[in-house]
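> The structure file structure.txt (compact mmCIF, C-alpha atoms and all ligand atoms) is provided below.
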# COMPACT_ATOMS: atom_id res chain seq x y z
CA VAL S 1 197.16 159.48 -87.50
CA LYS S 2 199.26 156.97 -85.57
CA ARG S 3 202.73 158.04 -84.52
CA PRO S 4 205.53 156.70 -86.72
CA ARG S 5 207.44 153.60 -85.69
CA ARG S 6 211.17 154.03 -85.08
CA ILE S 7 213.61 151.20 -85.81
CA ALA S 8 217.32 151.47 -85.05
CA ALA S 9 220.00 149.79 -87.15
CA GLY S 10 223.76 149.81 -86.64
CA THR S 11 225.73 151.68 -84.02
CA GLY S 12 227.98 154.72 -83.75
CA ARG S 13 228.94 156.31 -87.04
CA GLU S 14 227.09 153.55 -88.87
CA ALA S 15 223.77 154.08 -87.10
CA THR S 16 220.60 154.45 -89.16
CA GLU S 17 217.34 155.82 -87.85
CA ILE S 18 214.50 154.10 -89.71
CA TRP S 19 211.00 155.56 -89.60
CA PHE S 20 207.79 153.88 -90.77
CA GLY S 21 204.58 155.89 -90.77
CA ALA S 22 201.90 157.76 -92.66
CA GLY S 23 202.57 161.45 -93.18
CA LEU S 24 206.37 161.22 -93.09
CA LEU S 25 206.79 162.62 -96.63
CA ASP S 26 205.27 165.97 -95.80
CA GLY S 27 207.14 166.16 -92.49
CA ALA S 28 210.43 165.12 -94.08
CA ALA S 29 212.21 168.39 -93.27
CA SER S 30 212.13 167.58 -89.57
CA ARG S 31 213.53 164.04 -89.93
CA LEU S 32 215.99 163.96 -92.84
CA ILE S 33 219.48 164.80 -91.61
CA SER S 34 221.98 167.17 -93.17
CA PRO S 35 224.66 168.72 -90.92
CA SER S 36 224.79 171.81 -93.17
CA GLY S 37 221.05 171.97 -93.74
CA ARG S 38 221.69 171.56 -97.49
CA PHE S 39 220.52 168.53 -99.49
CA LEU S 40 221.29 166.87 -102.83
CA LEU S 41 218.11 165.23 -104.15
CA VAL S 42 218.56 162.18 -106.39
CA THR S 43 215.45 160.52 -107.78
CA SER S 44 213.97 158.98 -110.95
CA ARG S 45 210.83 159.38 -113.05
CA GLY S 46 208.72 156.57 -111.55
CA PRO S 47 208.35 157.96 -108.02
CA ARG S 48 207.79 161.55 -109.12
CA ALA S 49 204.82 162.09 -106.78
CA ALA S 50 206.98 161.23 -103.76
CA ALA S 51 209.90 163.28 -105.08
CA GLU S 52 207.65 166.29 -105.51
CA ARG S 53 206.58 166.10 -101.88
CA ILE S 54 210.17 165.81 -100.66
CA ARG S 55 211.12 168.76 -102.90
CA ALA S 56 208.29 170.79 -101.35
CA ALA S 57 209.26 169.75 -97.82
CA LEU S 58 212.91 170.71 -98.31
CA GLY S 59 211.99 174.02 -99.88
CA GLY S 60 214.95 176.14 -100.90
CA HIS S 61 217.59 173.88 -99.35
CA LEU S 62 218.38 171.81 -102.46
CA LEU S 63 221.91 172.13 -103.76
CA VAL S 64 221.26 169.52 -106.45
CA ASP S 65 217.98 168.23 -107.90
CA LEU S 66 218.75 165.33 -110.20
CA GLU S 67 216.62 162.72 -111.98
CA ILE S 68 218.49 159.56 -113.03
CA ASP S 69 217.61 156.57 -115.20
CA ASP S 70 216.58 153.82 -112.79
CA ARG S 71 216.54 150.80 -115.06
CA GLU S 72 218.77 148.02 -113.71
CA GLN S 73 220.97 148.45 -116.83
CA ALA S 74 221.68 152.00 -115.66
CA LYS S 75 222.85 150.94 -112.17
CA THR S 76 226.43 151.57 -113.27
CA LEU S 77 229.61 153.43 -112.47
CA ASP S 78 228.62 155.86 -115.24
CA THR S 79 225.44 156.83 -113.40
CA ALA S 80 227.34 157.13 -110.11
CA ALA S 81 229.76 159.44 -111.94
CA VAL S 82 226.86 161.58 -113.21
CA ILE S 83 225.66 162.02 -109.62
CA ALA S 84 229.18 162.76 -108.35
CA ASP S 85 229.73 165.28 -111.12
CA ALA S 86 226.47 167.09 -110.34
CA ALA S 87 227.41 167.21 -106.65
CA LEU S 88 230.95 168.49 -107.24
CA SER S 89 229.84 171.03 -109.86
CA ALA S 90 227.35 172.41 -107.35
CA GLY S 91 230.14 172.83 -104.78
CA VAL S 92 229.19 170.01 -102.42
CA ARG S 93 230.86 170.04 -98.98
CA ARG S 94 231.35 167.16 -96.56
CA ASP S 95 228.56 168.38 -94.31
CA ASP S 96 225.96 168.38 -97.10
CA ALA S 97 223.71 165.31 -97.33
CA LEU S 98 222.24 163.40 -100.24
CA VAL S 99 218.61 162.24 -100.28
CA ALA S 100 217.71 159.30 -102.51
CA VAL S 101 213.99 159.11 -103.38
CA GLY S 102 213.22 155.92 -105.26
CA GLY S 103 213.43 152.16 -105.43
CA GLY S 104 216.49 150.03 -104.76
CA VAL S 105 218.22 150.99 -107.99
CA VAL S 106 218.14 154.66 -107.05
CA SER S 107 219.20 154.06 -103.44
CA ASP S 108 221.99 151.63 -104.41
CA VAL S 109 223.61 153.95 -106.95
CA ALA S 110 222.91 157.23 -105.12
CA GLY S 111 224.13 155.72 -101.86
CA PHE S 112 227.28 154.54 -103.62
CA SER S 113 227.83 158.07 -104.94
CA ALA S 114 227.41 159.38 -101.40
CA ALA S 115 230.06 156.88 -100.28
CA ILE S 116 232.67 158.10 -102.78
CA VAL S 117 232.05 161.84 -103.17
CA LEU S 118 234.64 163.61 -100.95
CA ARG S 119 235.33 160.07 -99.56
CA GLY S 120 231.85 160.00 -98.08
CA ILE S 121 229.02 162.42 -97.40
CA PRO S 122 225.98 161.63 -95.26
CA TRP S 123 222.84 160.42 -96.99
CA ASN S 124 219.18 159.60 -96.44
CA VAL S 125 216.70 157.33 -98.22
CA VAL S 126 213.03 157.75 -98.99
CA PRO S 127 212.14 154.30 -100.39
CA THR S 128 209.29 154.26 -102.91
CA THR S 129 208.85 150.53 -103.57
CA THR S 130 207.77 147.74 -101.24
CA GLY S 131 211.08 146.00 -101.94
CA ALA S 132 213.09 149.06 -101.02
CA MET S 133 211.12 149.62 -97.80
CA ALA S 134 211.45 146.01 -96.65
CA ASP S 135 214.92 145.34 -97.95
CA ALA S 136 217.07 147.54 -100.23
CA ALA S 137 217.01 150.70 -98.10
CA ILE S 138 218.00 148.77 -94.96
CA GLY S 139 221.49 147.55 -94.07
CA GLY S 140 223.99 149.97 -95.57
CA LYS S 141 225.01 148.10 -98.70
CA THR S 142 225.36 150.37 -101.72
CA GLY S 143 226.72 149.64 -105.16
CA VAL S 144 226.48 149.26 -108.89
CA ASP S 145 226.46 146.48 -111.47
CA THR S 146 229.19 145.82 -114.02
CA ARG S 147 229.12 143.72 -117.18
CA GLN S 148 230.54 140.85 -115.09
CA GLY S 149 227.54 140.79 -112.79
CA LYS S 150 225.24 142.48 -110.30
CA ASN S 151 226.44 144.54 -107.33
CA LEU S 152 230.12 143.74 -107.91
CA ILE S 153 231.34 147.24 -107.05
CA GLY S 154 230.11 148.92 -103.92
CA ALA S 155 230.61 150.15 -100.41
CA PHE S 156 229.11 149.78 -96.96
CA HIS S 157 227.76 153.25 -96.34
CA PRO S 158 224.66 153.21 -94.13
CA PRO S 159 222.23 156.12 -94.56
CA ARG S 160 221.59 158.36 -91.55
CA VAL S 161 217.83 158.18 -91.99
CA VAL S 162 215.29 156.03 -93.82
CA LEU S 163 211.80 157.53 -94.15
CA ALA S 164 209.18 154.98 -95.21
CA ASP S 165 205.72 156.43 -95.85
CA PRO S 166 203.10 154.31 -97.66
CA ALA S 167 202.15 157.46 -99.63
CA ALA S 168 205.52 157.11 -101.41
CA LEU S 169 204.20 153.93 -103.07
CA GLU S 170 201.67 155.97 -105.05
CA GLY S 171 201.96 155.02 -108.71
CA LEU S 172 203.91 151.81 -108.06
CA PRO S 173 202.78 149.17 -110.60
CA GLU S 174 200.93 146.21 -109.09
CA ARG S 175 203.53 143.68 -110.21
CA GLU S 176 206.35 145.63 -108.50
CA PHE S 177 204.19 146.07 -105.42
CA ARG S 178 203.62 142.31 -105.09
CA ALA S 179 207.17 141.29 -105.96
CA GLY S 180 208.50 143.52 -103.18
CA LEU S 181 206.10 141.99 -100.69
CA VAL S 182 207.76 138.60 -101.27
CA GLU S 183 210.91 140.00 -99.62
CA ALA S 184 208.79 141.30 -96.75
CA VAL S 185 207.17 137.94 -95.96
CA LYS S 186 210.58 136.29 -96.46
CA ALA S 187 211.89 138.38 -93.58
CA ALA S 188 208.96 137.26 -91.42
CA TRP S 189 209.58 133.59 -92.23
CA ILE S 190 213.22 133.75 -91.20
CA GLY S 191 212.92 136.11 -88.27
CA ASP S 192 209.48 136.81 -86.88
CA ALA S 193 206.90 134.03 -86.56
CA SER S 194 204.24 136.34 -85.14
CA LEU S 195 204.66 138.77 -88.05
CA ALA S 196 204.27 135.79 -90.38
CA ARG S 197 201.03 134.79 -88.64
CA ALA S 198 199.69 138.36 -88.60
CA SER S 199 200.43 138.90 -92.28
CA GLU S 200 198.45 135.79 -93.20
CA LYS S 201 195.45 137.45 -91.55
CA THR S 202 195.97 140.90 -93.08
CA LEU S 203 197.22 140.01 -96.57
CA ASP S 204 194.00 140.99 -98.37
CA ALA S 205 194.11 144.43 -96.73
CA VAL S 206 197.83 144.70 -97.52
CA LEU S 207 197.13 143.89 -101.17
CA ALA S 208 194.43 146.58 -101.14
CA ARG S 209 197.24 148.90 -99.97
CA GLU S 210 195.55 149.78 -96.67
CA GLN S 211 198.05 151.85 -94.74
CA GLU S 212 198.04 150.24 -91.29
CA PRO S 213 198.50 146.58 -92.26
CA LEU S 214 200.95 147.57 -95.00
CA LEU S 215 203.04 149.53 -92.52
CA ALA S 216 202.94 146.65 -90.05
CA LEU S 217 204.24 144.16 -92.64
CA LEU S 218 206.89 146.38 -94.24
CA GLY S 219 208.02 147.87 -90.92
CA GLY S 220 208.12 144.39 -89.36
CA ALA S 221 210.27 143.13 -92.22
CA ALA S 222 212.60 146.12 -91.96
CA ALA S 223 212.92 145.45 -88.23
CA VAL S 224 213.95 141.83 -88.89
CA LYS S 225 216.60 142.94 -91.37
CA ALA S 226 217.75 145.80 -89.12
CA ALA S 227 218.24 143.40 -86.20
CA ILE S 228 220.20 140.98 -88.36
CA VAL S 229 222.50 143.57 -89.92
CA SER S 230 223.03 145.27 -86.55
CA SER S 231 224.52 142.12 -85.08
CA ASP S 232 226.24 141.17 -88.35
CA PRO S 233 227.12 144.29 -90.35
CA ARG S 234 229.71 142.67 -92.60
CA GLU S 235 228.17 139.50 -93.99
CA GLY S 236 228.75 136.65 -91.55
CA ASP S 237 226.44 133.67 -91.13
CA LEU S 238 223.57 135.61 -89.58
CA ARG S 239 223.28 137.95 -92.55
CA ARG S 240 223.27 134.94 -94.87
CA LEU S 241 219.84 134.01 -93.49
CA LEU S 242 218.43 136.94 -95.47
CA ASN S 243 219.21 134.87 -98.56
CA PHE S 244 216.32 132.49 -97.82
CA GLY S 245 214.87 131.62 -101.24
CA HIS S 246 217.75 133.26 -103.09
CA THR S 247 219.94 130.28 -104.06
CA LEU S 248 217.52 128.95 -106.66
CA GLY S 249 215.93 132.40 -106.86
CA HIS S 250 219.08 133.87 -108.37
CA ALA S 251 219.35 130.91 -110.75
CA PHE S 252 215.73 131.33 -111.90
CA GLU S 253 216.27 135.06 -112.36
CA ALA S 254 219.47 134.61 -114.38
CA ALA S 255 218.09 131.71 -116.43
CA GLY S 256 215.23 134.02 -117.41
CA GLY S 257 217.77 136.55 -118.64
CA PHE S 258 216.63 138.99 -115.88
CA GLN S 259 213.61 139.60 -118.14
CA SER S 260 210.85 137.10 -117.53
CA LEU S 261 210.92 137.16 -113.71
CA LYS S 262 211.30 140.11 -111.39
CA HIS S 263 213.73 139.53 -108.54
CA GLY S 264 210.96 139.09 -105.95
CA GLU S 265 209.08 136.70 -108.24
CA ALA S 266 212.17 134.56 -108.70
CA VAL S 267 212.64 134.57 -104.93
CA ALA S 268 209.03 133.39 -104.48
CA TRP S 269 209.84 130.29 -106.58
CA GLY S 270 213.14 129.94 -104.73
CA ILE S 271 211.31 129.97 -101.40
CA ALA S 272 208.95 127.26 -102.66
CA ALA S 273 212.03 125.16 -103.43
CA ALA S 274 213.55 125.90 -100.02
CA VAL S 275 210.26 124.78 -98.43
CA ASP S 276 210.38 121.56 -100.43
CA LEU S 277 213.97 120.91 -99.28
CA SER S 278 213.13 121.92 -95.70
CA ARG S 279 210.49 119.18 -95.61
CA ARG S 280 213.15 116.63 -96.61
CA ARG S 281 216.33 117.92 -94.95
CA ALA S 282 215.06 120.03 -92.02
CA ALA S 283 212.23 119.84 -89.51
CA LEU S 284 209.65 122.01 -91.28
CA SER S 285 206.18 120.58 -90.71
CA ARG S 286 203.82 119.90 -93.59
CA ARG S 287 201.40 122.43 -92.07
CA ASP S 288 203.94 125.26 -91.87
CA GLY S 289 205.20 124.46 -95.36
CA GLU S 290 201.66 124.77 -96.66
CA ARG S 291 201.18 128.09 -94.85
CA ILE S 292 204.19 129.50 -96.71
CA LEU S 293 203.09 128.20 -100.11
CA ARG S 294 199.58 129.52 -99.55
CA MET S 295 200.93 133.04 -98.85
CA LEU S 296 203.07 132.92 -101.99
CA ASP S 297 200.07 131.75 -103.97
CA ARG S 298 198.08 134.76 -102.74
CA LEU S 299 200.97 137.11 -103.65
CA GLY S 300 201.09 135.75 -107.20
CA PRO S 301 200.49 134.75 -109.87
CA PHE S 302 204.14 134.71 -110.88
CA PRO S 303 205.46 133.83 -114.34
CA GLU S 304 206.74 130.25 -114.69
CA PRO S 305 210.46 129.82 -114.03
CA GLU S 306 212.95 127.84 -116.12
CA ARG S 307 212.81 124.26 -114.81
CA GLU S 308 214.99 122.39 -117.30
CA PRO S 309 217.86 120.98 -115.19
CA ALA S 310 220.45 121.29 -117.96
CA VAL S 311 219.63 124.99 -118.35
CA LEU S 312 219.37 125.73 -114.64
CA GLU S 313 222.43 123.84 -113.39
CA PRO S 314 225.18 126.20 -114.63
CA TYR S 315 223.43 129.12 -112.94
CA LEU S 316 223.05 127.15 -109.72
CA LEU S 317 226.72 126.15 -109.68
CA ARG S 318 227.75 129.76 -110.31
CA ASP S 319 226.22 130.65 -106.93
CA LYS S 320 228.84 131.90 -104.51
CA LYS S 321 227.66 129.29 -102.01
CA ALA S 322 228.56 126.42 -104.34
CA SER S 323 231.47 124.21 -103.23
CA VAL S 324 232.57 120.61 -103.45
CA ARG S 325 230.23 119.83 -100.55
CA GLY S 326 227.20 120.99 -102.49
CA VAL S 327 225.29 124.22 -102.84
CA ALA S 328 224.49 125.88 -99.54
CA GLY S 329 220.97 127.03 -98.83
CA ILE S 330 218.84 128.48 -96.08
CA LEU S 331 216.26 125.98 -94.84
CA LEU S 332 213.61 126.20 -92.13
CA ASP S 333 213.11 123.98 -89.09
CA GLY S 334 209.89 125.96 -88.64
CA ILE S 335 208.53 129.40 -89.38
CA GLY S 336 210.97 131.83 -87.75
CA ARG S 337 213.58 129.06 -87.31
CA PRO S 338 216.05 129.22 -90.20
CA LYS S 339 219.28 127.29 -90.53
CA ILE S 340 222.11 127.03 -93.01
CA ASP S 341 222.56 123.72 -94.83
CA GLU S 342 226.04 123.84 -96.38
CA SER S 343 225.88 120.67 -98.41
CA ILE S 344 222.76 120.30 -100.49
CA PRO S 345 223.56 118.24 -103.62
CA PRO S 346 222.92 120.16 -106.85
CA ALA S 347 220.66 117.33 -108.01
CA ASP S 348 218.40 117.89 -105.00
CA TRP S 349 218.02 121.57 -105.88
CA LEU S 350 217.25 120.68 -109.51
CA ASP S 351 214.71 118.03 -108.47
CA ALA S 352 213.03 120.59 -106.22
CA ALA S 353 212.97 123.12 -109.07
CA ALA S 354 211.20 120.61 -111.28
CA ARG S 355 208.61 119.76 -108.57
CA ILE S 356 207.60 123.05 -106.99
CA SER S 357 204.21 124.68 -107.23
CA PHE S 358 202.37 126.96 -104.84
CA ALA S 359 199.52 124.50 -104.63
CA GLY S 360 201.76 122.40 -102.30
N1 LIG Y 1 221.34 147.40 -100.98
C1 LIG Y 1 220.67 146.32 -100.65
O1 LIG Y 1 220.83 145.76 -99.57
C2 LIG Y 1 219.69 145.76 -101.63
C3 LIG Y 1 218.78 144.76 -101.22
C4 LIG Y 1 217.84 144.31 -102.13
C5 LIG Y 1 217.83 144.81 -103.42
N2 LIG Y 1 218.74 145.75 -103.80
C6 LIG Y 1 218.74 146.30 -105.16
O2 LIG Y 1 217.52 146.99 -105.38
C7 LIG Y 1 217.20 146.97 -106.76
C8 LIG Y 1 215.74 146.66 -106.92
O3 LIG Y 1 215.01 147.64 -106.24
P1 LIG Y 1 213.41 147.71 -106.21
O4 LIG Y 1 212.86 146.37 -106.01
O5 LIG Y 1 213.07 148.77 -105.23
O6 LIG Y 1 213.01 148.11 -107.68
P2 LIG Y 1 213.54 149.24 -108.69
O7 LIG Y 1 214.33 150.28 -108.03
O8 LIG Y 1 214.13 148.50 -109.83
O9 LIG Y 1 212.16 149.90 -109.16
C9 LIG Y 1 211.24 149.12 -109.89
C10 LIG Y 1 210.43 149.99 -110.82
O10 LIG Y 1 209.49 150.75 -110.07
C11 LIG Y 1 209.56 152.11 -110.45
N3 LIG Y 1 209.16 152.90 -109.28
C12 LIG Y 1 209.78 153.02 -108.11
N4 LIG Y 1 209.01 153.69 -107.23
C13 LIG Y 1 207.88 154.01 -107.89
C14 LIG Y 1 206.68 154.67 -107.52
N5 LIG Y 1 206.46 155.09 -106.28
N6 LIG Y 1 205.73 154.84 -108.48
C15 LIG Y 1 205.91 154.36 -109.72
N7 LIG Y 1 206.99 153.68 -110.11
C16 LIG Y 1 207.97 153.51 -109.20
C17 LIG Y 1 210.95 152.33 -110.91
O11 LIG Y 1 211.01 153.44 -111.78
C18 LIG Y 1 211.24 151.01 -111.61
O12 LIG Y 1 210.75 151.03 -112.91
C19 LIG Y 1 218.15 145.98 -107.40
O13 LIG Y 1 219.14 146.68 -108.12
C20 LIG Y 1 218.76 145.25 -106.23
O14 LIG Y 1 220.10 144.82 -106.50
C21 LIG Y 1 219.65 146.23 -102.93
ZN ZN Y 2 216.24 139.64 -102.63
Hey, can you dump this file as structure tokens for me?


Amino acid sequence: VKRPRRIAAGTGREATEIWFGAGLLDGAASRLISPSGRFLLVTSRGPRAAAERIRAALGGHLLVDLEIDDREQAKTLDTAAVIADAALSAGVRRDDALVAVGGGVVSDVAGFSAAIVLRGIPWNVVPTTTGAMADAAIGGKTGVDTRQGKNLIGAFHPPRVVLADPAALEGLPEREFRAGLVEAVKAAWIGDASLARASEKTLDAVLAREQEPLLALLGGAAAVKAAIVSSDPREGDLRRLLNFGHTLGHAFEAAGGFQSLKHGEAVAWGIAAAVDLSRRRAALSRRDGERILRMLDRLGPFPEPEREPAVLEPYLLRDKKASVRGVAGILLDGIGRPKIDESIPPADWLDAAARISFAG
């Protein structure tokens, strides 16, 4: 077995040690960090195979062993309170550490609980979806949704350790698996041209869930995000680049009532639109645009998005990057060469939405 890859994110008290490799689940006891040696396990039903292996690895050191509802509708203050209550009832101390085993919903809400219990206890993440490995587990943002919108309450509270083992993906439905990979290739397109090229060659093996190419893509994506958040921990312009594909992506997702399209699927359509606009407003070549669309086509098929301008427009204008100058977006001058365009007219976005397809 190859040795795991180590990726560093953040510095000082906000440093995260990120590990990508096969076999990490069973060796978790030697990598997960708890100053006291005691852990609070928070997981959900989906990733029970991974949770069972973490439970076995941590043996008798579990102060709390809690399964939460991980539907997006349950990513709430109420669920954070359930976790906090379990921790406090068990007599949690500031040197005990939480371990979240699950997808982004579990890590967002469990990480938020870790941020507020005793004003902050250390925590670790074992991501069990492709999206969590490439994206949600990296960067230190934690939080919950409210009825006003997604992720409106939260905290920056980076985990000490992220352990990403492809074995944790066992049981992950195919549609979730593919949707998460969209975020992984997104990271390559904004930050690592050679990863983008390599993943074009290995995508069939990745889709067959072969460990080595899967680790290379997900670990490469995590490294892109880790580098970006390390130089921009609090959401400046650099971190905005991670929103490639998300301006229209969010609008597609919301216009579908968060039902018809998964987040990653909506982002795939959003990237197609950003490619279209990059051909018109940035220096992206036809060839590189086609390479991106071809990858998305291979990651699909994705359900059709809402294209009706009158339906889409209110969601587009609700975007936090909307201003009198237009709706900002991330465009590409080439693969690995992103830039922010602050003033894209709403009509141009809506025209792109009506035009896009992965066939180019
Ligand atoms: N904090 C961040 O920076 C950040 C970044 C991106 C996304 N997010 C958040 O992450 C969430 C989405 O996370 P996600 O894409 O990981 O999906 P998810 O957590 O919603 O999980 C998707 C589904 O997969 C199931 N599942 C998870 N692991 C499984 C496994 N190994 N086997 C079988 N089923 C499994 C879950 O039970 C769930 O039904 C959103 O709430 C989003 O806001 C956060
Ligand atoms: Zn996203």

> Please list as a tab-separated table (two decimals) with C-alpha atoms, in the coordinates of the input every residue within 8 Å of stretch 177-192 of chain S, counting only C-alpha atoms and excluding residues in the same chain fewer than 5 positions away.


chain	number	residue	atom	x	y	z
S	129	THR	CA	208.85	150.53	-103.57
S	130	THR	CA	207.77	147.74	-101.24
S	131	GLY	CA	211.08	146.00	-101.94
S	132	ALA	CA	213.09	149.06	-101.02
S	134	ALA	CA	211.45	146.01	-96.65
S	135	ASP	CA	214.92	145.34	-97.95
S	172	LEU	CA	203.91	151.81	-108.06
S	199	SER	CA	200.43	138.90	-92.28
S	207	LEU	CA	197.13	143.89	-101.17
S	217	LEU	CA	204.24	144.16	-92.64
S	218	LEU	CA	206.89	146.38	-94.24
S	220	GLY	CA	208.12	144.39	-89.36
S	221	ALA	CA	210.27	143.13	-92.22
S	222	ALA	CA	212.60	146.12	-91.96
S	224	VAL	CA	213.95	141.83	-88.89
S	225	LYS	CA	216.60	142.94	-91.37
S	241	LEU	CA	219.84	134.01	-93.49
S	242	LEU	CA	218.43	136.94	-95.47
S	244	PHE	CA	216.32	132.49	-97.82
S	245	GLY	CA	214.87	131.62	-101.24
S	262	LYS	CA	211.30	140.11	-111.39
S	263	HIS	CA	213.73	139.53	-108.54
S	264	GLY	CA	210.96	139.09	-105.95
S	265	GLU	CA	209.08	136.70	-108.24
S	267	VAL	CA	212.64	134.57	-104.93
S	268	ALA	CA	209.03	133.39	-104.48
S	296	LEU	CA	203.07	132.92	-101.99
S	299	LEU	CA	200.97	137.11	-103.65
S	300	GLY	CA	201.09	135.75	-107.20
S	332	LEU	CA	213.61	126.20	-92.13
S	335	ILE	CA	208.53	129.40	-89.38
S	336	GLY	CA	210.97	131.83	-87.75
S	337	ARG	CA	213.58	129.06	-87.31
S	338	PRO	CA	216.05	129.22	-90.20

> Calculated over only C-alpha atoms and all ligand atoms, which of the candidates S:Asp351, S:Glu253, S:Glu200, S:Asp237 has the smallest distance to ligand ZN 2 (chain Y)?

S:Glu253

> Quick one: residues within 10 Å of S:Glu14, only C-alpha atoms counted, chain neighbours fewer than 2 positions away excluded, as JSON, numbers by chain?

{"S": [9, 10, 11, 12, 16, 139, 140, 156, 157, 158, 159, 160, 230, 233]}

> Atom CA of S:Leu118 to atom CA of S:Phe39: how many Å, to one decimal?

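The value is 15.0 Å.
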
> I'd like to know which of S:Ile33, S:Ala255, S:Ala266, S:Ala110 is closest to ligand ZN 2 (chain Y), using all atoms listed in the file.

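Between S:Ile33, S:Ala255, S:Ala266, S:Ala110, the residue approaching ligand ZN 2 (chain Y) most closely is S:Ala266.
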
> Of the candidates S:Ile344, S:Val161, S:Gly257, S:Gly329, which shows the shortest atom-to-atom distance to S:Ala15, using all atoms listed in the file?

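Looking at the shortest contact to S:Ala15, the residue is S:Val161.
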
> Here is a test: counting only C-alpha atoms and all ligand atoms, which residue of S:Phe20, S:Trp269, S:Trp123, S:Trp349 is nearest to ligand ZN 2 (chain Y)?

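For ligand ZN 2 (chain Y), the nearest of the candidates is S:Trp269.
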
> Would you mind listing the residues within 7 Å of ligand LIG 1 (chain Y), counting all atoms listed in the file, as a count of residues only?

38

> Residues proximal to (213.9, 119.2, -98.0) were defined as those with any atom within 10 Å of that point in the file's coordinates, counting all atoms listed in the file. Which are they, as number ranges by chain?

S: 273-284, 331-332, 344, 348-349, 352

> Just so I have it separately, write stretch 137-142 of chain S from the block I sent, keeping all heavy atoms, as a tab-separated table (two decimals), in the first residue's frame.


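Output file decode20.tsv follows:
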chain	number	residue	atom	x	y	z
S	137	ALA	N	-14.96	19.19	3.81
S	137	ALA	CA	-14.14	18.94	5.00
S	137	ALA	C	-12.93	19.86	5.08
S	137	ALA	O	-12.25	19.92	6.10
S	137	ALA	CB	-13.68	17.48	5.02
S	138	ILE	N	-12.67	20.60	3.98
S	138	ILE	CA	-11.46	21.41	3.89
S	138	ILE	C	-11.81	22.88	4.08
S	138	ILE	O	-12.78	23.37	3.50
S	138	ILE	CB	-10.79	21.25	2.49
S	138	ILE	CG1	-10.76	19.79	2.03
S	138	ILE	CG2	-9.40	21.89	2.45
S	138	ILE	CD1	-9.89	18.88	2.84
S	139	GLY	N	-11.05	23.60	4.89
S	139	GLY	CA	-11.19	25.06	4.91
S	139	GLY	C	-11.73	25.67	6.17
S	139	GLY	O	-11.67	26.89	6.32
S	140	GLY	N	-12.29	24.87	7.08
S	140	GLY	CA	-12.62	25.40	8.40
S	140	GLY	C	-13.96	26.08	8.54
S	140	GLY	O	-14.29	26.57	9.62
S	141	LYS	N	-14.75	26.12	7.46
S	141	LYS	CA	-16.09	26.71	7.62
S	141	LYS	C	-17.03	25.65	8.18
S	141	LYS	O	-17.10	24.54	7.66
S	141	LYS	CB	-16.65	27.14	6.27
S	141	LYS	CG	-16.08	28.42	5.73
S	141	LYS	CD	-16.99	28.81	4.57
S	141	LYS	CE	-16.38	29.82	3.66
S	141	LYS	NZ	-17.25	30.05	2.49
S	142	THR	N	-17.77	26.02	9.22
S	142	THR	CA	-18.78	25.13	9.79
S	142	THR	C	-20.07	25.92	9.89
S	142	THR	O	-20.05	27.14	9.90
S	142	THR	CB	-18.40	24.66	11.21
S	142	THR	OG1	-18.51	25.78	12.11
S	142	THR	CG2	-16.98	24.11	11.26
